[in-house]
>>> print(open('structure.csv').read())   # CSV, C-alpha atoms
chain,number,residue,atom,x,y,z
A,1,MET,CA,87.2,-114.4,166.0
A,2,ASN,CA,86.4,-110.8,167.0
A,3,GLU,CA,89.3,-108.9,168.6
A,4,ILE,CA,88.9,-106.0,171.0
A,5,THR,CA,91.8,-103.9,172.0
A,6,VAL,CA,91.7,-102.0,175.3
A,7,LEU,CA,94.1,-99.0,175.5
A,8,SER,CA,94.6,-95.6,177.0
A,9,GLY,CA,97.1,-92.8,176.7
A,10,LYS,CA,97.3,-92.1,180.4
A,11,GLY,CA,98.4,-94.8,182.9
A,12,GLY,CA,96.2,-96.1,185.7
A,13,THR,CA,93.0,-95.3,184.0
A,14,GLY,CA,91.6,-98.8,184.3
A,15,LYS,CA,92.7,-100.8,181.2
A,16,THR,CA,93.3,-104.0,183.2
A,17,SER,CA,90.0,-103.6,185.2
A,18,ILE,CA,87.9,-103.0,182.1
A,19,THR,CA,89.5,-105.9,180.3
A,20,ALA,CA,88.9,-108.2,183.2
A,21,ALA,CA,85.3,-107.0,183.4
A,22,LEU,CA,84.7,-107.7,179.7
A,23,ALA,CA,86.0,-111.2,180.3
A,24,THR,CA,83.3,-111.9,182.8
A,25,ILE,CA,80.6,-111.4,180.1
A,26,ALA,CA,82.2,-113.5,177.4
A,27,ASP,CA,82.1,-117.3,177.5
A,28,ASN,CA,84.6,-118.3,174.8
A,29,PHE,CA,87.5,-116.0,175.0
A,30,VAL,CA,91.3,-115.5,175.0
A,31,LEU,CA,92.7,-112.7,177.1
A,32,CYS,CA,96.1,-111.3,176.1
A,33,ASP,CA,98.1,-109.1,178.5
A,34,CYS,CA,100.2,-107.0,176.2
A,35,ASP,CA,101.4,-104.6,178.9
A,36,VAL,CA,104.7,-106.4,178.8
A,37,ASP,CA,106.6,-103.8,180.9
A,38,ALA,CA,104.4,-104.3,184.0
A,39,ALA,CA,101.9,-107.0,183.3
A,40,ASP,CA,99.2,-107.2,186.0
A,41,MET,CA,96.3,-109.2,184.6
A,42,HIS,CA,97.5,-112.4,186.3
A,43,LEU,CA,96.9,-110.7,189.7
A,44,ILE,CA,93.2,-110.7,188.9
A,45,MET,CA,92.8,-113.9,186.9
A,46,ASP,CA,95.2,-116.0,189.0
A,47,PRO,CA,95.9,-118.3,186.0
A,48,GLU,CA,97.9,-121.6,186.1
A,49,ILE,CA,100.8,-121.5,183.7
A,50,GLU,CA,100.5,-124.5,181.4
A,51,GLU,CA,103.1,-123.7,178.8
A,52,GLU,CA,105.8,-121.1,178.7
A,53,TYR,CA,108.1,-120.0,175.9
A,54,GLU,CA,111.2,-117.8,175.9
A,55,PHE,CA,110.8,-114.9,173.6
A,56,GLU,CA,113.9,-114.1,171.6
A,57,GLU,CA,114.8,-111.2,169.4
A,58,HIS,CA,115.3,-113.3,166.2
A,59,MET,CA,111.6,-114.1,166.3
A,60,LEU,CA,111.0,-110.5,165.2
A,61,GLN,CA,113.0,-111.3,162.0
A,62,ARG,CA,110.3,-113.6,160.9
A,63,SER,CA,107.3,-111.5,161.6
A,64,MET,CA,106.8,-107.8,161.8
A,65,THR,CA,104.7,-108.2,165.0
A,66,VAL,CA,106.2,-106.3,167.9
A,67,ILE,CA,103.4,-106.7,170.4
A,68,VAL,CA,104.0,-109.8,172.4
A,69,PRO,CA,101.4,-111.4,174.7
A,70,VAL,CA,103.3,-112.6,177.8
A,71,ALA,CA,100.4,-114.7,179.0
A,72,VAL,CA,97.4,-116.2,177.4
A,73,PHE,CA,94.4,-117.1,179.6
A,74,VAL,CA,91.8,-119.4,178.1
B,75,MET,CA,126.2,-80.0,187.9
B,76,PRO,CA,122.6,-80.0,189.1
B,77,THR,CA,121.4,-82.5,191.8
B,78,LYS,CA,119.1,-84.8,189.9
B,79,ILE,CA,116.0,-86.4,191.4
B,80,ALA,CA,114.0,-88.8,189.2
B,81,ILE,CA,110.4,-89.6,190.0
B,82,ALA,CA,109.4,-93.0,188.8
B,83,SER,CA,106.9,-95.9,189.3
B,84,GLY,CA,106.3,-99.2,187.6
B,85,LYS,CA,102.6,-98.8,187.4
B,86,GLY,CA,101.0,-96.0,185.5
B,87,GLY,CA,98.6,-93.5,187.1
B,88,THR,CA,100.2,-93.8,190.6
B,89,GLY,CA,100.9,-90.0,190.8
B,90,LYS,CA,104.4,-89.4,189.3
B,91,THR,CA,103.2,-86.1,187.8
B,92,THR,CA,101.4,-85.1,191.0
B,93,VAL,CA,104.5,-85.7,193.1
B,94,SER,CA,106.9,-84.1,190.5
B,95,VAL,CA,104.9,-80.9,190.2
B,96,ASN,CA,104.4,-80.6,194.0
B,97,VAL,CA,108.0,-81.4,194.8
B,98,PHE,CA,109.0,-78.8,192.3
B,99,ARG,CA,106.9,-76.2,194.1
B,100,TRP,CA,108.3,-77.2,197.5
B,101,ILE,CA,111.9,-76.9,196.3
B,102,VAL,CA,111.2,-73.4,194.8
B,103,GLU,CA,109.7,-72.3,198.1
B,104,ASN,CA,112.0,-74.0,200.5
B,105,TRP,CA,115.3,-75.0,198.9
B,106,THR,CA,116.3,-73.1,195.7
B,107,ASP,CA,114.6,-71.3,192.9
B,108,LYS,CA,117.2,-72.7,190.5
B,109,VAL,CA,115.2,-75.8,189.9
B,110,GLN,CA,114.1,-77.3,186.6
B,111,LEU,CA,111.4,-79.9,186.0
B,112,ILE,CA,112.1,-82.2,183.0
B,113,ASP,CA,109.1,-84.1,181.8
B,114,ALA,CA,110.6,-87.4,180.5
B,115,ASP,CA,107.2,-89.1,180.2
B,116,VAL,CA,107.6,-88.4,176.5
B,117,GLU,CA,104.7,-90.5,175.2
B,118,GLU,CA,102.2,-88.6,177.2
B,119,PRO,CA,103.9,-85.5,178.9
B,120,ASN,CA,101.4,-83.9,181.3
B,121,ASP,CA,103.5,-81.7,183.5
B,122,SER,CA,102.7,-78.6,181.4
B,123,VAL,CA,98.9,-79.1,182.1
B,124,PHE,CA,99.5,-78.5,185.8
B,125,MET,CA,102.3,-75.9,185.4
B,126,ASN,CA,99.9,-73.4,183.9
B,127,ASP,CA,101.9,-70.4,185.1
B,128,HIS,CA,104.6,-71.6,182.6
B,129,ILE,CA,104.2,-70.5,179.0
B,130,ILE,CA,105.7,-72.5,176.1
B,131,ASN,CA,108.3,-70.2,174.5
B,132,ARG,CA,110.1,-72.4,172.0
B,133,SER,CA,110.1,-75.9,170.6
B,134,GLN,CA,113.2,-77.6,169.3
B,135,PRO,CA,113.0,-80.6,167.0
B,136,ILE,CA,114.8,-83.8,168.2
B,137,THR,CA,116.2,-85.8,165.4
B,138,HIS,CA,118.2,-88.9,165.0
B,139,GLN,CA,120.3,-90.0,162.0
B,140,VAL,CA,118.5,-92.5,159.8
B,141,PRO,CA,120.3,-94.3,157.0
B,142,VAL,CA,119.0,-94.0,153.4
B,143,ILE,CA,120.0,-96.4,150.7
B,144,ASN,CA,121.1,-95.0,147.3
B,145,THR,CA,119.7,-97.5,144.8
B,146,GLU,CA,122.1,-96.2,142.1
B,147,LYS,CA,125.1,-97.6,144.1
B,148,CYS,CA,123.3,-100.5,145.8
B,149,THR,CA,124.1,-104.0,144.5
B,150,PHE,CA,121.2,-105.5,146.4
B,151,CYS,CA,123.5,-108.0,148.1
B,152,ARG,CA,121.3,-107.9,151.2
B,153,LYS,CA,124.3,-107.8,153.6
B,154,CYS,CA,122.7,-104.8,155.4
B,155,VAL,CA,119.5,-106.7,155.8
B,156,GLN,CA,121.3,-109.5,157.5
B,157,TRP,CA,123.2,-107.1,159.8
B,158,CYS,CA,120.1,-105.1,160.8
B,159,GLU,CA,119.0,-106.3,164.3
B,160,PHE,CA,115.7,-104.4,164.0
B,161,ASN,CA,114.2,-105.8,160.8
B,162,ALA,CA,114.2,-102.3,159.4
B,163,ILE,CA,115.6,-102.9,155.9
B,164,VAL,CA,113.8,-104.4,152.9
B,165,VAL,CA,115.9,-105.4,149.9
B,166,ILE,CA,114.2,-107.2,147.0
B,167,PRO,CA,116.9,-107.9,144.4
B,168,PRO,CA,114.8,-109.0,141.4
B,169,VAL,CA,112.9,-105.6,141.4
B,170,LYS,CA,115.9,-103.6,142.5
B,171,PHE,CA,114.1,-102.4,145.6
B,172,ALA,CA,116.0,-101.3,148.7
B,173,GLU,CA,114.6,-99.2,151.5
B,174,ILE,CA,115.1,-98.6,155.2
B,175,ASN,CA,112.0,-98.2,157.4
B,176,SER,CA,112.7,-95.1,159.5
B,177,SER,CA,110.3,-96.0,162.2
B,178,LEU,CA,111.9,-99.4,162.9
B,179,CYS,CA,115.5,-98.1,162.5
B,180,HIS,CA,117.4,-97.6,165.7
B,181,SER,CA,120.2,-95.6,164.1
B,182,CYS,CA,122.8,-98.2,165.3
B,183,GLY,CA,124.9,-97.6,162.2
B,184,ALA,CA,125.4,-101.4,161.5
B,185,CYS,CA,124.2,-101.1,157.9
B,186,LEU,CA,126.7,-98.3,157.2
B,187,VAL,CA,129.5,-100.6,158.3
B,188,ALA,CA,128.0,-103.6,156.5
B,189,CYS,CA,127.7,-101.9,153.1
B,190,ASN,CA,130.8,-102.5,150.9
B,191,PHE,CA,129.5,-100.2,148.1
B,192,ASP,CA,129.1,-96.9,149.9
B,193,ALA,CA,125.4,-97.0,149.1
B,194,ILE,CA,124.1,-96.0,152.5
B,195,ALA,CA,124.3,-92.4,154.0
B,196,GLU,CA,122.6,-90.9,157.1
B,197,TYR,CA,120.1,-88.1,157.2
B,198,PRO,CA,118.3,-86.5,160.1
B,199,HIS,CA,114.8,-87.8,160.9
B,200,ARG,CA,112.4,-86.1,163.4
B,201,ILE,CA,111.5,-88.3,166.4
B,202,GLY,CA,110.1,-85.7,168.7
B,203,ALA,CA,110.6,-82.3,170.2
B,204,ALA,CA,112.0,-80.5,173.3
B,205,ASN,CA,109.5,-77.9,174.5
B,206,TYR,CA,110.7,-75.1,176.7
B,207,TYR,CA,108.1,-73.6,179.1
B,208,TYR,CA,109.2,-70.3,180.7
B,209,LYS,CA,108.3,-68.5,183.9
B,210,ASP,CA,110.0,-65.2,184.7
B,211,ASN,CA,112.3,-65.7,181.7
B,212,VAL,CA,113.6,-69.0,183.0
B,213,PRO,CA,112.9,-72.3,181.2
B,214,SER,CA,112.0,-74.1,184.4
B,215,LEU,CA,109.9,-76.7,182.6
B,216,LEU,CA,111.4,-78.7,179.8
B,217,GLU,CA,109.2,-81.2,178.1
B,218,GLY,CA,110.1,-84.2,175.9
B,219,ASP,CA,107.5,-84.9,173.3
B,220,LEU,CA,107.7,-88.1,171.3
B,221,ALA,CA,106.5,-87.9,167.7
B,222,ILE,CA,103.4,-89.9,167.1
B,223,GLY,CA,104.3,-93.3,165.7
B,224,SER,CA,107.9,-93.1,166.7
B,225,THR,CA,109.4,-95.9,168.8
B,226,MET,CA,112.4,-93.9,169.9
B,227,GLN,CA,111.3,-93.0,173.4
B,228,THR,CA,114.7,-93.7,174.9
B,229,ALA,CA,116.5,-91.5,172.4
B,230,VAL,CA,114.1,-88.6,172.9
B,231,ILE,CA,114.6,-88.9,176.7
B,232,ARG,CA,118.4,-88.9,176.3
B,233,GLU,CA,118.3,-85.8,174.1
B,234,VAL,CA,115.9,-83.9,176.3
B,235,LYS,CA,118.1,-84.6,179.4
B,236,LYS,CA,121.1,-83.3,177.5
B,237,LEU,CA,119.2,-80.0,176.8
B,238,GLY,CA,118.6,-79.6,180.6
B,239,ASP,CA,119.8,-76.4,182.3
B,240,ASN,CA,123.2,-77.2,183.7
B,241,ASP,CA,123.1,-74.0,185.8
B,242,ALA,CA,120.1,-75.3,187.7
B,243,ALA,CA,120.8,-76.4,191.3
B,244,VAL,CA,118.2,-79.2,191.2
B,245,GLN,CA,116.6,-81.1,188.3
B,246,ILE,CA,113.5,-83.2,188.8
B,247,ILE,CA,112.9,-85.8,186.1
B,248,ASP,CA,109.4,-87.0,185.7
B,249,SER,CA,109.9,-90.5,184.3
B,250,PRO,CA,107.6,-92.7,182.2
B,251,PRO,CA,105.9,-95.8,183.8
B,252,GLY,CA,107.2,-99.3,183.2
B,253,THR,CA,110.6,-100.9,183.8
B,254,SER,CA,112.3,-101.0,180.4
B,255,CYS,CA,114.8,-98.8,178.5
B,256,PRO,CA,112.9,-95.4,178.7
B,257,VAL,CA,112.8,-95.7,182.5
B,258,VAL,CA,116.4,-96.8,182.8
B,259,GLU,CA,117.4,-93.8,180.6
B,260,SER,CA,115.3,-91.4,182.8
B,261,VAL,CA,116.8,-92.6,186.1
B,262,SER,CA,120.3,-93.4,184.8
B,263,ASP,CA,122.1,-90.3,186.0
B,264,ALA,CA,119.8,-89.4,188.9
B,265,ASP,CA,121.3,-88.9,192.4
B,266,TYR,CA,118.1,-90.2,194.0
B,267,VAL,CA,114.9,-91.8,192.7
B,268,VAL,CA,111.5,-91.3,194.3
B,269,LEU,CA,109.2,-94.2,193.6
B,270,VAL,CA,105.5,-93.4,193.7
B,271,THR,CA,103.2,-96.3,194.5
B,272,GLU,CA,99.7,-96.9,195.7
B,273,PRO,CA,98.7,-99.5,198.3
B,274,THR,CA,96.9,-101.9,195.9
B,275,PRO,CA,98.0,-105.3,194.7
B,276,PHE,CA,98.8,-103.7,191.3
B,277,GLY,CA,100.8,-100.9,192.8
B,278,LEU,CA,102.8,-103.3,195.0
B,279,TYR,CA,103.5,-105.8,192.2
B,280,ASP,CA,104.8,-103.1,189.8
B,281,LEU,CA,106.7,-101.5,192.7
B,282,LYS,CA,108.6,-104.7,193.3
B,283,LEU,CA,109.6,-104.8,189.6
B,284,THR,CA,110.9,-101.3,189.8
B,285,VAL,CA,112.8,-101.9,193.1
B,286,GLU,CA,114.5,-104.8,191.4
B,287,LEU,CA,115.5,-102.6,188.5
B,288,LEU,CA,116.9,-99.9,190.7
B,289,GLU,CA,118.8,-102.3,192.9
B,290,ASP,CA,120.2,-103.8,189.6
B,291,ILE,CA,121.5,-100.5,188.4
B,292,GLY,CA,122.5,-99.4,191.9
B,293,LYS,CA,120.4,-96.3,192.6
B,294,ASP,CA,119.4,-94.9,196.0
B,295,PHE,CA,115.7,-94.6,196.3
B,296,GLY,CA,112.7,-94.0,198.6
B,297,VAL,CA,109.0,-94.4,198.3
B,298,VAL,CA,106.0,-92.1,198.3
B,299,ILE,CA,102.7,-93.9,199.0
B,300,ASN,CA,99.9,-92.1,197.1
B,301,LYS,CA,96.2,-92.7,197.7
B,302,ALA,CA,97.1,-93.9,201.2
B,303,GLY,CA,94.0,-95.4,202.9
B,304,LEU,CA,93.0,-97.3,199.7
B,305,GLY,CA,93.7,-101.1,199.3
B,306,ASN,CA,95.6,-102.9,202.0
B,307,ASP,CA,98.7,-103.0,204.2
B,308,ASP,CA,100.8,-105.3,202.0
B,309,VAL,CA,102.9,-102.5,200.5
B,310,TYR,CA,103.8,-101.3,204.0
B,311,GLN,CA,104.8,-104.8,205.1
B,312,TYR,CA,106.9,-105.2,202.0
B,313,LEU,CA,108.7,-101.9,202.5
B,314,ASP,CA,109.3,-102.6,206.1
B,315,LYS,CA,110.7,-106.1,205.4
B,316,GLU,CA,113.0,-104.7,202.7
B,317,GLY,CA,114.1,-101.8,204.8
B,318,ILE,CA,113.0,-99.3,202.1
B,319,GLU,CA,112.4,-95.7,203.3
B,320,ILE,CA,108.9,-94.2,203.1
B,321,LEU,CA,109.5,-90.5,202.2
B,322,GLY,CA,105.8,-89.7,202.8
B,323,GLU,CA,102.2,-90.6,202.3
B,324,LEU,CA,99.5,-88.7,200.4
B,325,PRO,CA,96.0,-89.7,201.6
B,326,PHE,CA,93.3,-90.7,199.2
B,327,ASP,CA,90.9,-87.8,199.1
B,328,LYS,CA,87.9,-87.3,196.8
B,329,ASN,CA,88.1,-83.5,196.9
B,330,TYR,CA,91.7,-83.7,195.8
B,331,ALA,CA,90.7,-86.1,193.0
B,332,ALA,CA,88.1,-83.5,191.9
B,333,GLU,CA,90.7,-80.8,191.9
B,334,TYR,CA,93.1,-83.0,189.9
B,335,ALA,CA,90.3,-83.6,187.3
B,336,ASN,CA,90.1,-79.8,186.9
B,337,GLY,CA,93.9,-79.5,186.3
B,338,ASN,CA,94.7,-78.2,189.7
B,339,LEU,CA,97.5,-80.2,191.2
B,340,LEU,CA,99.3,-77.7,193.3
B,341,SER,CA,97.7,-78.5,196.6
B,342,SER,CA,96.6,-75.8,199.0
B,343,ASN,CA,95.1,-78.5,201.3
B,344,GLY,CA,96.7,-78.7,204.7
B,345,ILE,CA,97.2,-82.5,204.8
B,346,PHE,CA,98.9,-82.5,201.5
B,347,ASN,CA,101.1,-79.5,202.3
B,348,GLU,CA,102.3,-81.3,205.4
B,349,ALA,CA,103.0,-84.4,203.4
B,350,TYR,CA,105.1,-82.5,200.8
B,351,GLU,CA,106.9,-80.6,203.6
B,352,GLN,CA,107.9,-84.0,204.9
B,353,ILE,CA,108.9,-85.4,201.5
B,354,GLY,CA,110.8,-82.3,200.5
B,355,THR,CA,112.6,-82.0,203.9
B,356,LYS,CA,113.7,-85.7,203.6
B,357,LEU,CA,114.9,-85.2,200.0
B,358,LYS,CA,116.9,-82.1,200.9
B,359,SER,CA,118.5,-83.8,203.9
B,360,ILE,CA,119.5,-86.8,201.8
B,361,LEU,CA,120.8,-84.8,198.9
B,362,VAL,CA,122.5,-81.8,200.6
B,363,SER,CA,125.3,-83.2,202.7
>>> encode(input="structure.csv", output="structure tokens")
Amino acid sequence: MNEITVLSGKGGTGKTSITAALATIADNFVLCDCDVDAADMHLIMDPEIEEEYEFEEHMLQRSMTVIVPVAVFV
Amino acid sequence: MPTKIAIASGKGGTGKTTVSVNVFRWIVENWTDKVQLIDADVEEPNDSVFMNDHIINRSQPITHQVPVINTEKCTFCRKCVQWCEFNAIVVIPPVKFAEINSSLCHSCGACLVACNFDAIAEYPHRIGAANYYYKDNVPSLLEGDLAIGSTMQTAVIREVKKLGDNDAAVQIIDSPPGTSCPVVESVSDADYVVLVTEPTPFGLYDLKLTVELLEDIGKDFGVVINKAGLGNDDVYQYLDKEGIEILGELPFDKNYAAEYANGNLLSSNGIFNEAYEQIGTKLKSILVS
């Protein structure tokens, strides 16, 4: 799987727009909204939530990963 | 104590810096010249770009205490590892390895309490800087600057605020975007919070999150609508329904955007001057009573 990260220093430059635009040209993809503080991708993609999990602090103890996708659209 | 106004927004790029810098200018011209702008958007502080009549005069490192394990005294019992909530300590007994990762450590001090062998001591570790920008021998812009790679935004904001000028009559705190700890720290001791939003679905969604946060922590606030004329009316309907005060509106204007791109934020455009006159007057009447 190829992974593309979209980021910017400044806010409001268009990360969400560019990411959603990239999604329109891919046919087999997973979109992760990692802007966990104010996640907006769902406003564009309008996804149906199929499964939902609570994220708890102790999960950090098992893996060093600190970036948490709050929603996965397939 | 200075009167404190925090400028915040959930969404990034809505115009916190624009509003902060222009409200600063309005206050200097119409309220008091004893005003200090504190740039608390420590991950990407931008106020200095637009305050180009201010010159950086000194920079003071901001540190926090980070524990270090003395492997001569350490018995590799791993008690500190179990106590650490932040997964910052690695102890591998067979190879007598014990180390604390300073970028994950939150300086909570739990490991110092946990250790029964006096093997952990604290040392200062640089997490950022406070930059003082002067105009007319007064540090009227104070900027928090997070060290690259550091996760200690909240601590840098707290320290920068402590370094604020207590003789100022008014302090403006330009907050980071989002709704988590750094934002809470930025607005925590504000007398009033100005929320900057834009009339788009994204602006509205993130505004609602921020309103929830401010209601939770019991802050008085009003809203500035930036880029007015873009998007739709949903944000107006929401504010009306919730009874939230609109302090002013800044119209979406291509010429202004072009000026902004050139680093010129201080408006000399009539429409904007009127808007800041309204915003400034409202803020003053709310805060001076």
>>> interface_residues(input="structure.csv", of="chain B", to="chain A", cutoff="10 Å", atoms="only C-alpha atoms", output="VMD selection string")
chain B and resid 84 to 89 117 to 120 156 158 to 162 178 250 to 255 275 to 277 279 to 281 283 to 284
>>> atom_distance(input="structure.csv", atom1="atom CA of B:Lys293", atom2="atom CA of B:Asn347")
27.4 Å
>>> atom_distance(input="structure.csv", atom1="atom CA of B:Ile360", atom2="atom CA of B:Leu237")
25.9 Å
>>> residues_around(input="structure.csv", residues="B:Glu272", least_positions_apart="5", cutoff="8 Å", atoms="only C-alpha atoms", output="list in words")
Thr88, Gly277, Leu278, Ile299, Asn300, Lys301, Ala302 and Leu304 of chain B
>>> residues_around(input="structure.csv", residues="stretch 98-103 of chain B", least_positions_apart="6", cutoff="8 Å", atoms="all atoms listed in the file", output="list in words")
Val109, Gln110, Leu111, Ile246, Leu340, Tyr350, Glu351 and Gly354 of chain B
